[in-house]
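A.B. asks: Coordinates in model10.pdb, PDB, C-alpha atoms, are listed below.
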```pdb
ATOM      1  CA  MET A   1      -5.511  -3.711  16.384
ATOM      2  CA  LYS A   2      -6.154  -5.208  12.976
ATOM      3  CA  LEU A   3      -9.189  -4.415  10.850
ATOM      4  CA  GLY A   4     -10.496  -5.802   7.581
ATOM      5  CA  SER A   5     -13.560  -5.656   5.341
ATOM      6  CA  LEU A   6     -15.566  -8.607   4.097
ATOM      7  CA  ARG A   7     -16.756  -8.423   0.498
ATOM      8  CA  VAL A   8     -20.392  -8.754   1.581
ATOM      9  CA  GLY A   9     -22.465  -5.819   2.741
ATOM     10  CA  GLY A  10     -22.389  -3.440  -0.192
ATOM     11  CA  ARG A  11     -19.728  -1.375  -1.924
ATOM     12  CA  ASP A  12     -18.003  -0.505   1.348
ATOM     13  CA  GLY A  13     -17.999  -4.085   2.611
ATOM     14  CA  THR A  14     -18.529  -5.174   6.218
ATOM     15  CA  LEU A  15     -16.048  -4.160   8.911
ATOM     16  CA  VAL A  16     -14.456  -6.973  10.907
ATOM     17  CA  VAL A  17     -11.953  -6.989  13.748
ATOM     18  CA  VAL A  18      -9.219  -9.528  12.954
ATOM     19  CA  ALA A  19      -7.129 -11.468  15.465
ATOM     20  CA  ARG A  20      -3.424 -10.774  15.755
ATOM     21  CA  ASP A  21      -2.601 -14.117  14.103
ATOM     22  CA  LEU A  22      -5.073 -13.373  11.272
ATOM     23  CA  ALA A  23      -6.844 -16.682  11.872
ATOM     24  CA  ARG A  24     -10.182 -15.469  13.249
ATOM     25  CA  ALA A  25     -12.397 -12.412  12.986
ATOM     26  CA  THR A  26     -15.641 -10.977  14.273
ATOM     27  CA  ALA A  27     -18.091  -8.500  12.789
ATOM     28  CA  VAL A  28     -18.824  -5.339  14.767
ATOM     29  CA  ARG A  29     -22.007  -3.981  13.189
ATOM     30  CA  GLY A  30     -23.124  -2.552  16.521
ATOM     31  CA  VAL A  31     -19.955  -0.443  16.650
ATOM     32  CA  ALA A  32     -19.427   0.450  12.976
ATOM     33  CA  ALA A  33     -20.789  -1.220   9.876
ATOM     34  CA  THR A  34     -17.864  -0.252   7.639
ATOM     35  CA  LEU A  35     -14.289   0.918   8.027
ATOM     36  CA  GLN A  36     -15.211   4.230   6.405
ATOM     37  CA  GLN A  37     -17.833   4.760   9.092
ATOM     38  CA  ALA A  38     -15.318   3.882  11.789
ATOM     39  CA  ILE A  39     -12.618   6.223  10.506
ATOM     40  CA  GLU A  40     -15.094   9.102  10.306
ATOM     41  CA  ASP A  41     -15.891   8.712  14.025
ATOM     42  CA  TRP A  42     -12.545   7.291  15.110
ATOM     43  CA  GLU A  43     -12.207   8.932  18.516
ATOM     44  CA  SER A  44     -15.523   7.462  19.644
ATOM     45  CA  VAL A  45     -15.319   4.118  17.850
ATOM     46  CA  ALA A  46     -11.667   3.115  18.292
ATOM     47  CA  PRO A  47     -11.840   2.343  22.053
ATOM     48  CA  GLU A  48     -14.696  -0.120  21.523
ATOM     49  CA  LEU A  49     -12.913  -1.736  18.573
ATOM     50  CA  GLU A  50      -9.834  -2.113  20.778
ATOM     51  CA  ARG A  51     -11.951  -3.787  23.467
ATOM     52  CA  VAL A  52     -13.253  -6.285  20.899
ATOM     53  CA  TYR A  53      -9.707  -6.845  19.612
ATOM     54  CA  ARG A  54      -8.416  -7.704  23.089
ATOM     55  CA  ALA A  55     -11.321 -10.071  23.704
ATOM     56  CA  LEU A  56     -10.754 -11.750  20.335
ATOM     57  CA  ASN A  57      -7.062 -12.342  21.034
ATOM     58  CA  ASP A  58      -7.800 -13.591  24.564
ATOM     59  CA  GLY A  59     -10.411 -16.082  23.346
ATOM     60  CA  ARG A  60     -13.229 -14.229  25.101
ATOM     61  CA  CYS A  61     -15.135 -13.255  21.952
ATOM     62  CA  ALA A  62     -17.975 -15.697  21.266
ATOM     63  CA  ASP A  63     -19.198 -14.641  17.840
ATOM     64  CA  THR A  64     -16.112 -15.365  15.731
ATOM     65  CA  PHE A  65     -15.349 -17.167  12.485
ATOM     66  CA  TYR A  66     -12.291 -18.531  10.711
ATOM     67  CA  LEU A  67     -10.979 -15.939   8.285
ATOM     68  CA  ASP A  68     -10.491 -16.857   4.644
ATOM     69  CA  PRO A  69      -8.417 -14.144   2.896
ATOM     70  CA  THR A  70     -10.401 -14.696  -0.308
ATOM     71  CA  ASP A  71     -13.493 -13.397   1.510
ATOM     72  CA  LEU A  72     -11.830 -10.041   2.102
ATOM     73  CA  ALA A  73     -11.958  -6.850   0.105
ATOM     74  CA  SER A  74      -9.249  -4.270   0.583
ATOM     75  CA  PRO A  75      -9.678  -2.718   4.064
ATOM     76  CA  LEU A  76     -11.279   0.294   2.387
ATOM     77  CA  PRO A  77     -12.966  -1.261  -0.686
ATOM     78  CA  ARG A  78     -13.221   2.271  -2.069
ATOM     79  CA  ALA A  79     -11.983   5.609  -0.786
ATOM     80  CA  TYR A  80     -12.817   9.237  -1.283
ATOM     81  CA  GLN A  81      -9.169   9.922  -2.055
ATOM     82  CA  TRP A  82      -6.063   7.857  -2.930
ATOM     83  CA  LEU A  83      -2.838   9.821  -3.231
ATOM     84  CA  ASP A  84       0.416   8.064  -4.042
ATOM     85  CA  ALA A  85       3.862   9.590  -3.698
ATOM     86  CA  SER A  86       7.449   8.690  -4.575
ATOM     87  CA  ALA A  87       9.050   8.931  -1.153
ATOM     88  CA  TYR A  88      11.922   6.548  -1.965
ATOM     89  CA  LEU A  89      13.984   8.702  -4.282
ATOM     90  CA  ASN A  90      16.447   5.918  -5.031
ATOM     91  CA  HIS A  91      13.744   4.416  -7.247
ATOM     92  CA  VAL A  92      13.265   7.694  -9.125
ATOM     93  CA  GLU A  93      17.009   8.206  -9.478
ATOM     94  CA  LEU A  94      17.519   4.742 -10.973
ATOM     95  CA  VAL A  95      14.710   5.065 -13.493
ATOM     96  CA  ARG A  96      15.928   8.497 -14.621
ATOM     97  CA  LYS A  97      19.548   7.346 -14.783
ATOM     98  CA  ALA A  98      18.605   4.471 -17.064
ATOM     99  CA  ARG A  99      17.220   6.926 -19.601
ATOM    100  CA  GLY A 100      20.101   9.395 -19.181
ATOM    101  CA  ALA A 101      18.156  12.005 -17.219
ATOM    102  CA  ASP A 102      19.382  13.849 -14.126
ATOM    103  CA  MET A 103      17.348  14.374 -10.976
ATOM    104  CA  PRO A 104      15.958  17.917 -10.737
ATOM    105  CA  PRO A 105      17.188  19.374  -7.416
ATOM    106  CA  GLU A 106      13.655  20.286  -6.314
ATOM    107  CA  MET A 107      12.687  16.612  -6.142
ATOM    108  CA  TYR A 108      14.788  16.281  -2.976
ATOM    109  CA  ASP A 109      12.660  18.902  -1.207
ATOM    110  CA  ASP A 110       9.225  18.677  -2.815
ATOM    111  CA  PRO A 111       7.551  15.221  -2.883
ATOM    112  CA  LEU A 112       6.171  13.773  -6.095
ATOM    113  CA  MET A 113       2.521  12.761  -5.715
ATOM    114  CA  TYR A 114      -0.372  11.835  -7.982
ATOM    115  CA  GLN A 115      -4.064  11.165  -7.445
ATOM    116  CA  GLY A 116      -5.055   7.628  -8.374
ATOM    117  CA  LEU A 117      -8.173   5.596  -9.010
ATOM    118  CA  SER A 118     -10.081   5.203  -5.734
ATOM    119  CA  ASP A 119     -13.729   4.409  -6.483
ATOM    120  CA  GLY A 120     -13.055   0.677  -6.415
ATOM    121  CA  PHE A 121      -9.918  -1.178  -5.283
ATOM    122  CA  LEU A 122      -9.063  -4.803  -5.957
ATOM    123  CA  GLY A 123      -9.236  -7.197  -3.034
ATOM    124  CA  PRO A 124      -5.931  -8.646  -1.788
ATOM    125  CA  THR A 125      -6.458 -11.933  -3.659
ATOM    126  CA  GLU A 126      -8.434 -10.639  -6.652
ATOM    127  CA  PRO A 127      -6.929 -11.186 -10.110
ATOM    128  CA  ILE A 128      -5.243  -8.360 -11.967
ATOM    129  CA  PRO A 129      -6.978  -7.934 -15.339
ATOM    130  CA  GLY A 130      -4.679  -7.095 -18.221
ATOM    131  CA  HIS A 131      -3.143  -7.916 -21.566
ATOM    132  CA  ALA A 132       0.334  -9.296 -22.149
ATOM    133  CA  ASP A 133       1.300  -6.215 -24.186
ATOM    134  CA  TRP A 134       0.320  -3.765 -21.429
ATOM    135  CA  GLY A 135       3.508  -4.372 -19.440
ATOM    136  CA  VAL A 136       1.761  -5.399 -16.218
ATOM    137  CA  ASP A 137       3.894  -4.723 -13.150
ATOM    138  CA  PHE A 138       3.402  -4.943  -9.394
ATOM    139  CA  GLU A 139       4.665  -2.233  -7.047
ATOM    140  CA  ALA A 140       5.051  -3.075  -3.363
ATOM    141  CA  GLU A 141       4.347  -0.076  -1.177
ATOM    142  CA  VAL A 142       3.246   1.078   2.272
ATOM    143  CA  ALA A 143       0.200   3.299   2.752
ATOM    144  CA  VAL A 144      -1.635   4.979   5.613
ATOM    145  CA  ILE A 145      -5.265   5.902   6.207
ATOM    146  CA  THR A 146      -5.909   9.298   7.772
ATOM    147  CA  ASP A 147      -8.745  10.837   9.726
ATOM    148  CA  ASP A 148      -9.842  14.399   8.904
ATOM    149  CA  ALA A 149      -6.675  16.452   8.392
ATOM    150  CA  PRO A 150      -7.057  20.220   8.005
ATOM    151  CA  MET A 151      -5.790  22.165   5.041
ATOM    152  CA  GLY A 152      -2.325  23.504   5.753
ATOM    153  CA  VAL A 153      -1.481  21.004   8.488
ATOM    154  CA  SER A 154       2.264  21.005   9.142
ATOM    155  CA  ALA A 155       4.511  17.967   9.042
ATOM    156  CA  THR A 156       5.043  18.484  12.762
ATOM    157  CA  ASP A 157       1.316  18.133  13.440
ATOM    158  CA  ALA A 158       0.384  15.609  10.749
ATOM    159  CA  GLY A 159       1.552  12.402  12.438
ATOM    160  CA  PRO A 160      -1.433  11.965  14.794
ATOM    161  CA  HIS A 161      -3.762  11.966  11.777
ATOM    162  CA  ILE A 162      -2.356   8.553  10.765
ATOM    163  CA  LYS A 163      -4.833   5.989  12.060
ATOM    164  CA  LEU A 164      -4.064   2.819  10.093
ATOM    165  CA  VAL A 165      -1.199   1.326   8.080
ATOM    166  CA  MET A 166      -1.445  -1.079   5.105
ATOM    167  CA  LEU A 167       0.583  -2.623   2.312
ATOM    168  CA  VAL A 168      -0.222  -1.879  -1.330
ATOM    169  CA  ASN A 169       0.185  -3.411  -4.739
ATOM    170  CA  ASP A 170       0.051  -0.286  -6.864
ATOM    171  CA  VAL A 171      -0.459  -2.021 -10.205
ATOM    172  CA  SER A 172       1.251  -0.282 -13.133
ATOM    173  CA  LEU A 173       0.861  -0.873 -16.857
ATOM    174  CA  ARG A 174       4.362   0.049 -17.971
ATOM    175  CA  ALA A 175       3.750  -0.098 -21.714
ATOM    176  CA  LEU A 176       0.951   2.473 -21.428
ATOM    177  CA  ILE A 177       2.607   4.927 -19.048
ATOM    178  CA  PRO A 178       5.203   6.584 -21.358
ATOM    179  CA  ALA A 179       2.590   7.980 -23.745
ATOM    180  CA  GLU A 180       0.596   9.371 -20.836
ATOM    181  CA  VAL A 181       3.627  10.930 -19.173
ATOM    182  CA  ALA A 182       4.578  12.545 -22.484
ATOM    183  CA  LYS A 183       1.249  14.371 -22.475
ATOM    184  CA  GLY A 184       2.222  15.998 -19.166
ATOM    185  CA  PHE A 185      -1.190  15.563 -17.564
ATOM    186  CA  GLY A 186      -1.070  12.528 -15.269
ATOM    187  CA  PHE A 187      -1.991   8.843 -15.306
ATOM    188  CA  ILE A 188      -5.294   7.351 -16.421
ATOM    189  CA  HIS A 189      -4.678   4.195 -18.479
ATOM    190  CA  GLY A 190      -1.322   3.317 -16.897
ATOM    191  CA  LYS A 191      -2.616   3.159 -13.322
ATOM    192  CA  PRO A 192      -5.587   0.766 -12.959
ATOM    193  CA  ALA A 193      -7.084  -0.386  -9.649
ATOM    194  CA  SER A 194      -4.628  -1.021  -6.828
ATOM    195  CA  ALA A 195      -4.953  -3.724  -4.165
ATOM    196  CA  PHE A 196      -4.297  -3.380  -0.444
ATOM    197  CA  SER A 197      -3.322  -5.898   2.214
ATOM    198  CA  PRO A 198      -6.018  -8.061   3.839
ATOM    199  CA  VAL A 199      -5.890  -6.011   7.034
ATOM    200  CA  ALA A 200      -5.052  -2.485   8.098
ATOM    201  CA  VAL A 201      -3.133  -2.153  11.368
ATOM    202  CA  THR A 202      -3.017   0.628  13.944
ATOM    203  CA  PRO A 203       0.425   2.185  14.490
ATOM    204  CA  GLY A 204       0.302   1.161  18.155
ATOM    205  CA  GLU A 205      -0.115  -2.497  17.210
ATOM    206  CA  LEU A 206       3.084  -2.309  15.158
ATOM    207  CA  GLY A 207       5.201  -1.460  18.211
ATOM    208  CA  ASP A 208       8.792  -0.541  17.410
ATOM    209  CA  ALA A 209       8.179  -1.280  13.715
ATOM    210  CA  TRP A 210       6.343   2.060  13.577
ATOM    211  CA  ARG A 211       8.558   5.002  14.482
ATOM    212  CA  ASP A 212       9.390   8.410  13.023
ATOM    213  CA  ASN A 213       6.171   8.174  10.979
ATOM    214  CA  ARG A 214       7.649   5.275   9.025
ATOM    215  CA  LEU A 215       7.054   1.532   8.895
ATOM    216  CA  HIS A 216      10.244  -0.425   9.526
ATOM    217  CA  GLY A 217      10.369  -3.947   8.143
ATOM    218  CA  ARG A 218      11.241  -6.105   5.161
ATOM    219  CA  ILE A 219       8.570  -6.173   2.475
ATOM    220  CA  VAL A 220       8.903  -9.508   0.687
ATOM    221  CA  CYS A 221       8.105  -9.363  -3.034
ATOM    222  CA  ARG A 222       7.718 -12.593  -4.990
ATOM    223  CA  LEU A 223       6.913 -13.272  -8.622
ATOM    224  CA  ASN A 224       5.742 -16.840  -9.082
ATOM    225  CA  GLU A 225       8.377 -18.811  -7.131
ATOM    226  CA  GLN A 226      11.125 -16.182  -7.318
ATOM    227  CA  THR A 227      11.891 -13.590  -4.643
ATOM    228  CA  ILE A 228      12.391 -10.289  -6.464
ATOM    229  CA  GLY A 229      13.338  -8.363  -3.364
ATOM    230  CA  GLU A 230      13.036  -7.850   0.382
ATOM    231  CA  PRO A 231      13.690  -4.113   0.751
ATOM    232  CA  ASP A 232      13.536  -2.376   4.112
ATOM    233  CA  THR A 233      10.570  -0.002   4.217
ATOM    234  CA  GLY A 234      12.171   2.169   6.898
ATOM    235  CA  ALA A 235      15.451   2.744   5.069
ATOM    236  CA  ASP A 236      16.087   5.332   2.332
ATOM    237  CA  MET A 237      12.634   6.902   2.722
ATOM    238  CA  ASN A 238      13.284  10.544   1.894
ATOM    239  CA  PHE A 239       9.857  11.800   2.989
ATOM    240  CA  ASP A 240       8.051  10.263   5.958
ATOM    241  CA  PHE A 241       4.261   9.963   6.085
ATOM    242  CA  ALA A 242       3.803  13.132   8.132
ATOM    243  CA  ARG A 243       5.644  15.055   5.427
ATOM    244  CA  LEU A 244       3.515  13.411   2.730
ATOM    245  CA  ILE A 245       0.292  14.309   4.545
ATOM    246  CA  ALA A 246       1.452  17.911   4.902
ATOM    247  CA  HIS A 247       2.297  18.014   1.198
ATOM    248  CA  ALA A 248      -1.116  16.630   0.216
ATOM    249  CA  ALA A 249      -2.933  19.046   2.530
ATOM    250  CA  LYS A 250      -1.191  22.200   1.318
ATOM    251  CA  THR A 251      -4.252  23.433  -0.575
ATOM    252  CA  ARG A 252      -6.984  21.004   0.524
ATOM    253  CA  ALA A 253      -8.349  19.386   3.630
ATOM    254  CA  LEU A 254      -8.024  15.594   3.670
ATOM    255  CA  GLY A 255     -11.274  13.848   4.465
ATOM    256  CA  ALA A 256     -11.393  10.906   6.846
ATOM    257  CA  GLY A 257     -10.535   7.771   4.893
ATOM    258  CA  THR A 258      -7.927   9.417   2.678
ATOM    259  CA  ILE A 259      -5.236   6.899   1.702
ATOM    260  CA  ILE A 260      -1.673   8.110   1.152
ATOM    261  CA  GLY A 261       0.965   5.818  -0.314
ATOM    262  CA  ALA A 262       4.727   6.250  -0.119
ATOM    263  CA  GLY A 263       5.519   4.811  -3.543
ATOM    264  CA  THR A 264       7.668   1.868  -4.553
ATOM    265  CA  VAL A 265       9.973   0.813  -1.718
ATOM    266  CA  SER A 266      13.569   1.109  -2.878
ATOM    267  CA  ASN A 267      16.897   0.767  -1.062
ATOM    268  CA  ARG A 268      20.318   1.971  -2.134
ATOM    269  CA  ASP A 269      21.735  -1.381  -1.055
ATOM    270  CA  ARG A 270      21.117  -3.415  -4.205
ATOM    271  CA  ALA A 271      21.418  -6.655  -2.254
ATOM    272  CA  MET A 272      17.931  -5.914  -0.906
ATOM    273  CA  GLY A 273      16.455  -6.466  -4.369
ATOM    274  CA  SER A 274      13.535  -4.595  -5.865
ATOM    275  CA  ALA A 275       9.865  -4.015  -5.076
ATOM    276  CA  CYS A 276       8.785  -3.821  -8.714
ATOM    277  CA  LEU A 277       9.849  -5.278 -12.043
ATOM    278  CA  ALA A 278      10.522  -1.874 -13.586
ATOM    279  CA  GLU A 279      13.314  -1.240 -11.092
ATOM    280  CA  LYS A 280      14.726  -4.736 -11.562
ATOM    281  CA  ARG A 281      14.749  -4.168 -15.326
ATOM    282  CA  THR A 282      16.401  -0.776 -14.796
ATOM    283  CA  LEU A 283      19.204  -2.352 -12.761
ATOM    284  CA  GLU A 284      19.672  -4.981 -15.461
ATOM    285  CA  THR A 285      19.913  -2.224 -18.080
ATOM    286  CA  LEU A 286      22.475  -0.282 -16.052
ATOM    287  CA  GLU A 287      24.561  -3.427 -15.517
ATOM    288  CA  SER A 288      24.396  -5.075 -18.945
ATOM    289  CA  GLY A 289      22.813  -2.595 -21.341
ATOM    290  CA  ALA A 290      19.390  -4.256 -21.652
ATOM    291  CA  PRO A 291      16.651  -5.662 -19.394
ATOM    292  CA  VAL A 292      16.311  -9.423 -18.984
ATOM    293  CA  THR A 293      13.266  -9.817 -16.755
ATOM    294  CA  PRO A 294       9.940  -9.546 -18.631
ATOM    295  CA  PHE A 295       6.881  -7.828 -17.238
ATOM    296  CA  MET A 296       4.014  -9.956 -15.971
ATOM    297  CA  LYS A 297       1.865 -11.959 -18.346
ATOM    298  CA  PRO A 298      -1.451 -13.765 -17.799
ATOM    299  CA  GLY A 299      -0.899 -16.582 -15.317
ATOM    300  CA  ASP A 300       1.928 -14.829 -13.432
ATOM    301  CA  ARG A 301       1.434 -14.393  -9.699
ATOM    302  CA  ALA A 302       2.683 -11.575  -7.459
ATOM    303  CA  ARG A 303       2.831 -11.902  -3.678
ATOM    304  CA  ILE A 304       3.610  -9.050  -1.256
ATOM    305  CA  GLU A 305       3.914  -9.575   2.496
ATOM    306  CA  MET A 306       5.666  -8.386   5.644
ATOM    307  CA  ARG A 307       6.497 -10.528   8.673
ATOM    308  CA  ASP A 308       7.421  -9.576  12.216
ATOM    309  CA  ALA A 309      10.557 -10.660  14.081
ATOM    310  CA  ALA A 310       8.895 -13.948  15.015
ATOM    311  CA  GLY A 311       8.007 -14.707  11.396
ATOM    312  CA  ASN A 312       4.291 -13.933  11.695
ATOM    313  CA  SER A 313       2.493 -12.150   8.882
ATOM    314  CA  ILE A 314       1.566  -8.643  10.016
ATOM    315  CA  PHE A 315      -0.879  -7.501   7.337
ATOM    316  CA  GLY A 316      -1.603 -10.769   5.552
ATOM    317  CA  ALA A 317      -0.471 -11.287   1.976
ATOM    318  CA  ILE A 318      -1.458  -9.534  -1.215
ATOM    319  CA  ASP A 319      -1.536 -12.522  -3.561
ATOM    320  CA  GLN A 320      -2.693 -11.788  -7.104
ATOM    321  CA  THR A 321      -2.562 -13.479 -10.477
ATOM    322  CA  VAL A 322      -2.768 -11.704 -13.833
ATOM    323  CA  VAL A 323      -5.745 -12.793 -15.948
ATOM    324  CA  ASP A 324      -6.134 -12.042 -19.651
ATOM    325  CA  LEU A 325      -9.046  -9.770 -20.513
ATOM    326  CA  GLY A 326      -9.498 -11.761 -23.723
TER     327      GLY A 326
END
```
Kindly present the structure from the file in structure tokens form.

C.D. replies:
Amino acid sequence: MKLGSLRVGGRDGTLVVVARDLARATAVRGVAATLQQAIEDWESVAPELERVYRALNDGRCADTFYLDPTDLASPLPRAYQWLDASAYLNHVELVRKARGADMPPEMYDDPLMYQGLSDGFLGPTEPIPGHADWGVDFEAEVAVITDDAPMGVSATDAGPHIKLVMLVNDVSLRALIPAEVAKGFGFIHGKPASAFSPVAVTPGELGDAWRDNRLHGRIVCRLNEQTIGEPDTGADMNFDFARLIAHAAKTRALGAGTIIGAGTVSNRDRAMGSACLAEKRTLETLESGAPVTPFMKPGDRARIEMRDAAGNSIFGAIDQTVVDLG
């Protein structure tokens, strides 16, 4: 099934069940008022949400409305925890190679992960606030929402804790990140609010596109009218989501509603393009000695989407424009 959150209803929005074609939706206040509430009681709530989803797709749901993506917040408008990894090591390798640094061997066995801003996400069509000299960049990623996962859960047992799958624009301010990294104590200024796809989708709804705890599909990344890349999210993923959950839960339990991202999608086949401007600029540097593509400036628009084999949008589109803070 597909779930979203309207902007109305408070900081956690209002949960809606969304039709498979993303055209119509219905509120389910009698089942769960918010997605956070639903995920906290998933085993009890999910069967009723599935019943509503089937009725909606079959045209048997009376209380429906046409869905305008601009009315949607991110599926979880805020979360108790947002952890983002770098599961596609090709991206890390390229960035390090461009600055003449080798990959530490431990990176191939121990996932990179940081804790990001989670007390308020951008909606999928909300503007990205920034300044031209901040080096605004989009990063197209896949993320999952978990239920309660116990501390020390193994990768073997972590998969069933994945309840929903989303796309992410993990906004990065590239000009601010180097100084923060040099301090050796994590991101604050360089990682502002991220945005998630209009809907979150259950693994079962994804069919064969969800297997081996990975999402398989082409994530289409566009800047203004140019396609930057269409990398395959299932290829070259060194750590699957079960492994990432196990890594995150090594010393802490993960509360229901935890979001875990896999990092910038990146394929070794360069014909697939890039899922962020930093990687595109890195490839340009490796090929010609200097980057050509600039980072985003006010007025630039990033669009991130994935379609199924029939060409239908699965999650809806993240479609954001940079606005100058003034």

A.B. asks: Please identify all polymer residues within 9 Å of Asn57 in chain A, counting all atoms listed in the file, omitting same-chain residues fewer than 5 positions from it, and present them as an MDAnalysis selection string.

C.D. replies: chainID A and resid 18:21 24 52

A.B. asks: Would you write out, as a list in words, every residue that the PyMOL selection byres ((chain A and resi 79) around 7) captures in this file?

C.D. replies: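 On the file shown, the PyMOL selection byres ((chain A and resi 79) around 7) covers Leu76, Pro77, Arg78, Tyr80, Gln81, Trp82, Ser118, Asp119, Gly257 and Thr258 of chain A.
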
A.B. asks: Which residues fall under the PyMOL selection byres ((chain A and resi 172-186) around 9) in this file, as a PyMOL selection string?

C.D. replies: chain A and resi 114-115+130+133-139+170-171+187-192+194+278+295

A.B. asks: Would you give the centre and edge lengths, in Å to one decimal, of a box along x, y and z around the listed atoms of range 236-248 of chain A, with 5 Å added to each side, as AutoDock Vina command-line options?

C.D. replies:
```
--center_x 7.5 --center_y 11.7 --center_z 4.2 --size_x 27.2 --size_y 22.7 --size_z 17.9
```

A.B. asks: Which residue, A:Gly326, A:Gly30, A:Gly9, A:Pro298, has the smallest gap to Asn224 in chain A when you use only C-alpha atoms?

C.D. replies: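 Among the listed residues, A:Pro298 lies closest to Asn224 in chain A.
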
A.B. asks: Would you translate the PyMOL selection byres ((chain A and resi 74) around 7) into the concrete set of residues it matches in this file, as a list of chain:residue names?

C.D. replies: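 Checked against the file, the PyMOL selection byres ((chain A and resi 74) around 7) matches A:Ser5, A:Leu72, A:Ala73, A:Pro75, A:Leu76, A:Pro77, A:Phe121, A:Leu122, A:Gly123, A:Pro124, A:Ala195, A:Phe196, A:Ser197, A:Pro198.
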
A.B. asks: Let's have the selection written as an mmCIF file, in the frame of the given file, with C-alpha atoms.

C.D. replies:
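Output (out_4.cif):
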```cif
data_model
loop_
_atom_site.group_PDB
_atom_site.id
_atom_site.type_symbol
_atom_site.label_atom_id
_atom_site.label_comp_id
_atom_site.auth_asym_id
_atom_site.auth_seq_id
_atom_site.Cartn_x
_atom_site.Cartn_y
_atom_site.Cartn_z
ATOM 1 C CA SER A 5 -13.560 -5.656 5.341
ATOM 2 C CA LEU A 72 -11.830 -10.041 2.102
ATOM 3 C CA ALA A 73 -11.958 -6.850 0.105
ATOM 4 C CA PRO A 75 -9.678 -2.718 4.064
ATOM 5 C CA LEU A 76 -11.279 0.294 2.387
ATOM 6 C CA PRO A 77 -12.966 -1.261 -0.686
ATOM 7 C CA PHE A 121 -9.918 -1.178 -5.283
ATOM 8 C CA LEU A 122 -9.063 -4.803 -5.957
ATOM 9 C CA GLY A 123 -9.236 -7.197 -3.034
ATOM 10 C CA PRO A 124 -5.931 -8.646 -1.788
ATOM 11 C CA ALA A 195 -4.953 -3.724 -4.165
ATOM 12 C CA PHE A 196 -4.297 -3.380 -0.444
ATOM 13 C CA SER A 197 -3.322 -5.898 2.214
ATOM 14 C CA PRO A 198 -6.018 -8.061 3.839
#
```

A.B. asks: Looking at A:Thr70, A:Thr227, A:Thr156, A:Ser86, which one is nearest to Thr125 in chain A, with distances taken over all atoms listed in the file?

C.D. replies: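 Using all atoms listed in the file, Thr125 in chain A sits closest to A:Thr70.
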
A.B. asks: Distance CA of Ile245 in chain A-CA of Asp148 in chain A, one decimal place?

C.D. replies: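 A separation of 11.0 Å between them.
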
A.B. asks: Which is closest to Leu167 in chain A among A:Val142, A:Leu35, A:Ala193, A:Ala275, if we use all atoms listed in the file?

C.D. replies: A:Val142

A.B. asks: Can you pull out every residue within 8 Å of Ser274 in chain A, counting all atoms listed in the file, but drop anything in the same chain fewer than 2 positions away, and send it as a PyMOL selection string?

C.D. replies: chain A and resi 221+228-231+265-267+270+272+276-277+279-280

A.B. asks: What does the structure give for the distance between CA of Trp42 in chain A and CA of Ile145 in chain A, in Å to one decimal?

C.D. replies: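 Between CA of Trp42 in chain A and CA of Ile145 in chain A the gap is 11.6 Å.
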
A.B. asks: Can you work out the spacing between CA of Asn213 in chain A and CA of Ala242 in chain A in Å, to one decimal?

C.D. replies: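 Spanning CA of Asn213 in chain A to CA of Ala242 in chain A is a straight-line distance of 6.2 Å.
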
A.B. asks: Write out as a tab-separated table (two decimals) with C-alpha atoms, in the frame of the given file each polymer residue whose atoms come within 7 Å of range 127-129 of chain A, counting only C-alpha atoms; drop sequence neighbours fewer than 3 positions from it.

C.D. replies:
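And here is the file that came out, selection_24.tsv:
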```tsv
chain	number	residue	atom	x	y	z
A	320	GLN	CA	-2.69	-11.79	-7.10
A	321	THR	CA	-2.56	-13.48	-10.48
A	322	VAL	CA	-2.77	-11.70	-13.83
A	323	VAL	CA	-5.74	-12.79	-15.95
A	324	ASP	CA	-6.13	-12.04	-19.65
A	325	LEU	CA	-9.05	-9.77	-20.51
```

A.B. asks: Do you know which residues are at most 9 Å from range 246-254 of chain A counting all atoms listed in the file, after dropping those on the same chain fewer than 2 positions away, and could you put them as a list of chain:residue names?

C.D. replies: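 Near neighbours after the sequence-gap exclusion: A:Gln81, A:Leu83, A:Asp110, A:Pro111, A:Met113, A:Thr146, A:Asp147, A:Asp148, A:Ala149, A:Pro150, A:Met151, A:Gly152, A:Val153, A:Ser154, A:Ala155, A:Thr156, A:Asp157, A:Ala158, A:Phe241, A:Ala242, A:Arg243, A:Leu244, A:Ala256, A:Gly257, A:Thr258, A:Ile260.
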
A.B. asks: Could you give me, as a list in words, the residues within 9 Å of range 312-314 of chain A, counting all atoms listed in the file and dropping anything in the same chain fewer than 2 positions from it?

C.D. replies: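 My reading of the contact set: Lys2, Arg20, Asp21, Leu22, Val199, Val201, Leu206, Glu305, Met306, Arg307, Asp308, Ala309, Ala310, Gly316 and Ala317 of chain A.
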
A.B. asks: Which residue gives the smallest distance to Pro69 in chain A among A:Ala25, A:Met1, A:Ala262, A:Leu223, with all atoms listed in the file counted?

C.D. replies: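 Closest residue, counting all atoms listed in the file: A:Ala25.
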
A.B. asks: Find, counting only C-alpha atoms, the residue in A:Leu283, A:Trp210, A:Ala271, A:Gln226 that gets nearest to Glu93 in chain A.

C.D. replies: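 The shortest atom-to-atom distance to Glu93 in chain A comes from A:Leu283.
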
A.B. asks: From the options A:Thr14, A:Thr26, A:Thr282, A:Gln37, which residue's atoms come nearest to Asp63 in chain A, counting only C-alpha atoms?

C.D. replies: A:Thr26
